[in-house]
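What follows is a single structure, written as structure tokens, with notes after it.
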Amino acid sequence: MTSGTPRASRAERKYRTATAFQRRINPVLRRLPLQTLLETTGRVSGLPRRTPVGGRRVGDSFWLVSEFGERSQYVRNIQADPRVRVRVRGRWHTGTAHLLPDDDPVARLRTLPRLNSAAVRAFGAGLLTVRVDLDDRPGAEAVRVP
């Protein structure tokens with residue numbers, strides 16, 4: 001047995017536990033009016049896929065950290081089509097997502113909301129920073145959608 005084997009199995013257990021939990025809680029979170037959501041286009045179905053995320057808007061960008069990196073379904077959708085929408089405080093914003101493998105995701109989490117960041121650090125394996133460059137222009141009103 002190599003030293004990497006237990007680590008891989010621990011990461012796999014984390015992934016399975018987190019995804020089982022998310023399958024149950026995400027449908028509830030998506031209905032909360034102020035929950036931040038990331039909407040991608042399904043890479044196979046072509047349908048909109050909404051994922052509750054934690055992150056923060058900074059200027060014309062929205063920052064988040066994917067807890068399972070390229071293994072996350074929404075990251076795979078971004079790889080296929082980087083055009084996304086983000087709902088922040090009840091308002092939808094369109095933008096283009098960028099995967100930033102060279103960014104330090106642990107340092108990035110220190111700049112994002114604490115509760116979500118703690119969960120991502122605790123359950124995540126293979127963290128990946130994602131930046132969404134928002135299309136919002138000064139004076140342009142974002143769309144409010146229920």
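Lettering and numbering for the structure tokens are positional, with chains as A, B, ... in the shown order, residues counted from 1 in each chain, and ligands counted from 1 in the shown order.
Residues in contact range of stretch 62-77 of chain A, defined as at most 6 Å between only C-alpha atoms, with sequence neighbours fewer than 2 positions away removed, read Gly42, Arg43, Gly55, Arg56, Arg57, Gln79, Ala80, Val120, Gly124, Ala125, Gly126, Leu127, Leu128, Thr129, Val130, Arg131 and Val132 of chain A.
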With N, CA and C atoms retained, write the just-selected residues as a PDB file, in the first residue's frame.
ATOM      1  N   GLY A  42     -26.488  23.069 -18.286  1.00  0.00           N
ATOM      2  CA  GLY A  42     -26.098  21.665 -18.242  1.00  0.00           C
ATOM      3  C   GLY A  42     -25.351  21.270 -19.504  1.00  0.00           C
ATOM      4  N   ARG A  43     -24.193  20.659 -19.339  1.00  0.00           N
ATOM      5  CA  ARG A  43     -23.343  20.334 -20.488  1.00  0.00           C
ATOM      6  C   ARG A  43     -23.932  19.247 -21.359  1.00  0.00           C
ATOM      7  N   GLY A  55     -20.177  32.803  -1.586  1.00  0.00           N
ATOM      8  CA  GLY A  55     -19.161  33.610  -2.245  1.00  0.00           C
ATOM      9  C   GLY A  55     -19.416  35.060  -1.944  1.00  0.00           C
ATOM     10  N   ARG A  56     -18.722  35.905  -2.655  1.00  0.00           N
ATOM     11  CA  ARG A  56     -18.864  37.340  -2.393  1.00  0.00           C
ATOM     12  C   ARG A  56     -18.620  38.119  -3.677  1.00  0.00           C
ATOM     13  N   ARG A  57     -19.439  39.145  -3.841  1.00  0.00           N
ATOM     14  CA  ARG A  57     -19.227  40.077  -4.952  1.00  0.00           C
ATOM     15  C   ARG A  57     -18.199  41.106  -4.513  1.00  0.00           C
ATOM     16  N   GLN A  79     -16.812  24.495 -17.633  1.00  0.00           N
ATOM     17  CA  GLN A  79     -15.805  24.130 -18.625  1.00  0.00           C
ATOM     18  C   GLN A  79     -16.434  24.005 -20.017  1.00  0.00           C
ATOM     19  N   ALA A  80     -17.677  23.529 -20.070  1.00  0.00           N
ATOM     20  CA  ALA A  80     -18.364  23.378 -21.355  1.00  0.00           C
ATOM     21  C   ALA A  80     -18.933  24.699 -21.864  1.00  0.00           C
ATOM     22  N   VAL A 120     -16.621  24.577   3.415  1.00  0.00           N
ATOM     23  CA  VAL A 120     -15.820  24.196   2.247  1.00  0.00           C
ATOM     24  C   VAL A 120     -14.470  23.641   2.700  1.00  0.00           C
ATOM     25  N   GLY A 124     -14.274  19.877   1.861  1.00  0.00           N
ATOM     26  CA  GLY A 124     -13.707  19.920   0.521  1.00  0.00           C
ATOM     27  C   GLY A 124     -12.421  19.136   0.354  1.00  0.00           C
ATOM     28  N   ALA A 125     -12.172  18.761  -0.880  1.00  0.00           N
ATOM     29  CA  ALA A 125     -10.925  18.106  -1.281  1.00  0.00           C
ATOM     30  C   ALA A 125     -10.691  18.507  -2.738  1.00  0.00           C
ATOM     31  N   GLY A 126      -9.566  19.130  -3.017  1.00  0.00           N
ATOM     32  CA  GLY A 126      -9.315  19.587  -4.381  1.00  0.00           C
ATOM     33  C   GLY A 126      -9.953  20.925  -4.650  1.00  0.00           C
ATOM     34  N   LEU A 127      -9.829  21.869  -3.726  1.00  0.00           N
ATOM     35  CA  LEU A 127     -10.454  23.187  -3.839  1.00  0.00           C
ATOM     36  C   LEU A 127     -10.011  23.908  -5.108  1.00  0.00           C
ATOM     37  N   LEU A 128     -10.939  24.693  -5.664  1.00  0.00           N
ATOM     38  CA  LEU A 128     -10.664  25.444  -6.896  1.00  0.00           C
ATOM     39  C   LEU A 128     -11.369  26.796  -6.829  1.00  0.00           C
ATOM     40  N   THR A 129     -10.633  27.863  -7.058  1.00  0.00           N
ATOM     41  CA  THR A 129     -11.211  29.201  -7.073  1.00  0.00           C
ATOM     42  C   THR A 129     -11.911  29.447  -8.409  1.00  0.00           C
ATOM     43  N   VAL A 130     -13.089  30.079  -8.316  1.00  0.00           N
ATOM     44  CA  VAL A 130     -13.856  30.459  -9.506  1.00  0.00           C
ATOM     45  C   VAL A 130     -14.167  31.947  -9.398  1.00  0.00           C
ATOM     46  N   ARG A 131     -13.895  32.677 -10.474  1.00  0.00           N
ATOM     47  CA  ARG A 131     -14.247  34.098 -10.544  1.00  0.00           C
ATOM     48  C   ARG A 131     -15.241  34.274 -11.676  1.00  0.00           C
ATOM     49  N   VAL A 132     -16.341  34.978 -11.384  1.00  0.00           N
ATOM     50  CA  VAL A 132     -17.312  35.308 -12.417  1.00  0.00           C
ATOM     51  C   VAL A 132     -17.201  36.799 -12.688  1.00  0.00           C
TER      52      VAL A 132
END
- Message: Could you list, as a PyMOL selection string, every residue within 9 Å of stretch 35-41 of chain A, counting only C-alpha atoms and ignoring same-chain residues fewer than 5 positions away?
- Response: chain A and resi 29-30+46-55+74-75+77-78+80-90+92
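Atom CA of A:Gly59 is positioned 15.2 Å from atom CA of A:Arg91.
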- Query: Just asking: which residues within stretch 17-102 of chain A are alpha helix (DSSP H) according to DSSP, as JSON, numbers by chain?
  - Reply: {"A": [17, 18, 19, 20, 21, 22, 23, 24, 25, 26, 27, 28, 29, 30, 31, 73, 74, 75, 76, 77, 78, 79, 80]}
Can I get the selection written as an mmCIF file, in the first residue's frame, with C-alpha atoms?
data_model
loop_
_atom_site.group_PDB
_atom_site.id
_atom_site.type_symbol
_atom_site.label_atom_id
_atom_site.label_comp_id
_atom_site.auth_asym_id
_atom_site.auth_seq_id
_atom_site.Cartn_x
_atom_site.Cartn_y
_atom_site.Cartn_z
ATOM 1 C CA THR A 17 -20.654 12.301 2.247
ATOM 2 C CA ALA A 18 -20.866 15.891 1.005
ATOM 3 C CA THR A 19 -22.709 15.031 -2.204
ATOM 4 C CA ALA A 20 -25.238 12.864 -0.353
ATOM 5 C CA PHE A 21 -25.907 15.758 2.035
ATOM 6 C CA GLN A 22 -26.103 18.296 -0.813
ATOM 7 C CA ARG A 23 -28.630 16.186 -2.725
ATOM 8 C CA ARG A 24 -30.978 16.592 0.228
ATOM 9 C CA ILE A 25 -30.312 20.189 1.247
ATOM 10 C CA ASN A 26 -29.772 21.951 -2.117
ATOM 11 C CA PRO A 27 -33.433 21.716 -3.257
ATOM 12 C CA VAL A 28 -34.415 23.515 -0.042
ATOM 13 C CA LEU A 29 -31.659 26.130 -0.328
ATOM 14 C CA ARG A 30 -32.544 26.911 -3.961
ATOM 15 C CA ARG A 31 -35.995 28.061 -2.796
ATOM 16 C CA GLN A 73 -20.843 19.260 -11.663
ATOM 17 C CA TYR A 74 -21.174 23.033 -11.936
ATOM 18 C CA VAL A 75 -17.443 23.325 -12.661
ATOM 19 C CA ARG A 76 -17.792 20.750 -15.436
ATOM 20 C CA ASN A 77 -20.698 22.791 -16.805
ATOM 21 C CA ILE A 78 -18.535 25.940 -16.697
ATOM 22 C CA GLN A 79 -15.805 24.130 -18.625
ATOM 23 C CA ALA A 80 -18.364 23.378 -21.355
#
Within 6 Å of A:Leu134, counting only C-alpha atoms, which residues show up once you throw out same-chain ones fewer than 2 positions away? Write them as a PDB file with all heavy atoms, in the first residue's frame, please.
ATOM      1  N   ASP A  60     -16.913  44.283  -9.879  1.00  0.00           N
ATOM      2  CA  ASP A  60     -17.626  43.685 -11.006  1.00  0.00           C
ATOM      3  C   ASP A  60     -17.369  42.182 -11.122  1.00  0.00           C
ATOM      4  O   ASP A  60     -17.561  41.608 -12.192  1.00  0.00           O
ATOM      5  CB  ASP A  60     -17.221  44.366 -12.314  1.00  0.00           C
ATOM      6  CG  ASP A  60     -17.747  45.792 -12.399  1.00  0.00           C
ATOM      7  OD1 ASP A  60     -18.773  46.083 -11.750  1.00  0.00           O
ATOM      8  OD2 ASP A  60     -17.132  46.617 -13.099  1.00  0.00           O
ATOM      9  N   SER A  61     -16.926  41.559 -10.032  1.00  0.00           N
ATOM     10  CA  SER A  61     -16.665  40.122 -10.036  1.00  0.00           C
ATOM     11  C   SER A  61     -17.341  39.462  -8.859  1.00  0.00           C
ATOM     12  O   SER A  61     -17.562  40.086  -7.815  1.00  0.00           O
ATOM     13  CB  SER A  61     -15.158  39.838  -9.952  1.00  0.00           C
ATOM     14  OG  SER A  61     -14.487  40.349 -11.076  1.00  0.00           O
ATOM     15  N   THR A  94     -25.679  38.383 -15.019  1.00  0.00           N
ATOM     16  CA  THR A  94     -25.034  37.509 -15.999  1.00  0.00           C
ATOM     17  C   THR A  94     -23.535  37.763 -15.981  1.00  0.00           C
ATOM     18  O   THR A  94     -23.080  38.836 -15.578  1.00  0.00           O
ATOM     19  CB  THR A  94     -25.573  37.746 -17.423  1.00  0.00           C
ATOM     20  OG1 THR A  94     -25.325  39.100 -17.778  1.00  0.00           O
ATOM     21  CG2 THR A  94     -27.050  37.428 -17.514  1.00  0.00           C
ATOM     22  N   GLY A  95     -22.791  36.765 -16.413  1.00  0.00           N
ATOM     23  CA  GLY A  95     -21.346  36.934 -16.454  1.00  0.00           C
ATOM     24  C   GLY A  95     -20.647  35.750 -17.079  1.00  0.00           C
ATOM     25  O   GLY A  95     -21.282  34.804 -17.562  1.00  0.00           O
ATOM     26  N   VAL A 132     -16.341  34.978 -11.384  1.00  0.00           N
ATOM     27  CA  VAL A 132     -17.312  35.308 -12.417  1.00  0.00           C
ATOM     28  C   VAL A 132     -17.201  36.799 -12.688  1.00  0.00           C
ATOM     29  O   VAL A 132     -17.426  37.621 -11.794  1.00  0.00           O
ATOM     30  CB  VAL A 132     -18.755  34.946 -11.979  1.00  0.00           C
ATOM     31  CG1 VAL A 132     -19.749  35.356 -13.065  1.00  0.00           C
ATOM     32  CG2 VAL A 132     -18.877  33.463 -11.646  1.00  0.00           C
ATOM     33  N   ASP A 136     -22.515  43.497 -15.522  1.00  0.00           N
ATOM     34  CA  ASP A 136     -23.147  44.728 -15.044  1.00  0.00           C
ATOM     35  C   ASP A 136     -22.317  45.942 -15.417  1.00  0.00           C
ATOM     36  O   ASP A 136     -21.110  45.965 -15.260  1.00  0.00           O
ATOM     37  CB  ASP A 136     -23.300  44.699 -13.523  1.00  0.00           C
ATOM     38  CG  ASP A 136     -24.191  43.576 -13.057  1.00  0.00           C
ATOM     39  OD1 ASP A 136     -24.874  42.964 -13.891  1.00  0.00           O
ATOM     40  OD2 ASP A 136     -24.204  43.296 -11.849  1.00  0.00           O
TER      41      ASP A 136
END
- Message: So the first atom is atom CA of A:Arg121 and the second is atom CA of A:Pro105; what is the distance between them in Å, to one decimal place?
- Response: 9.5 Å
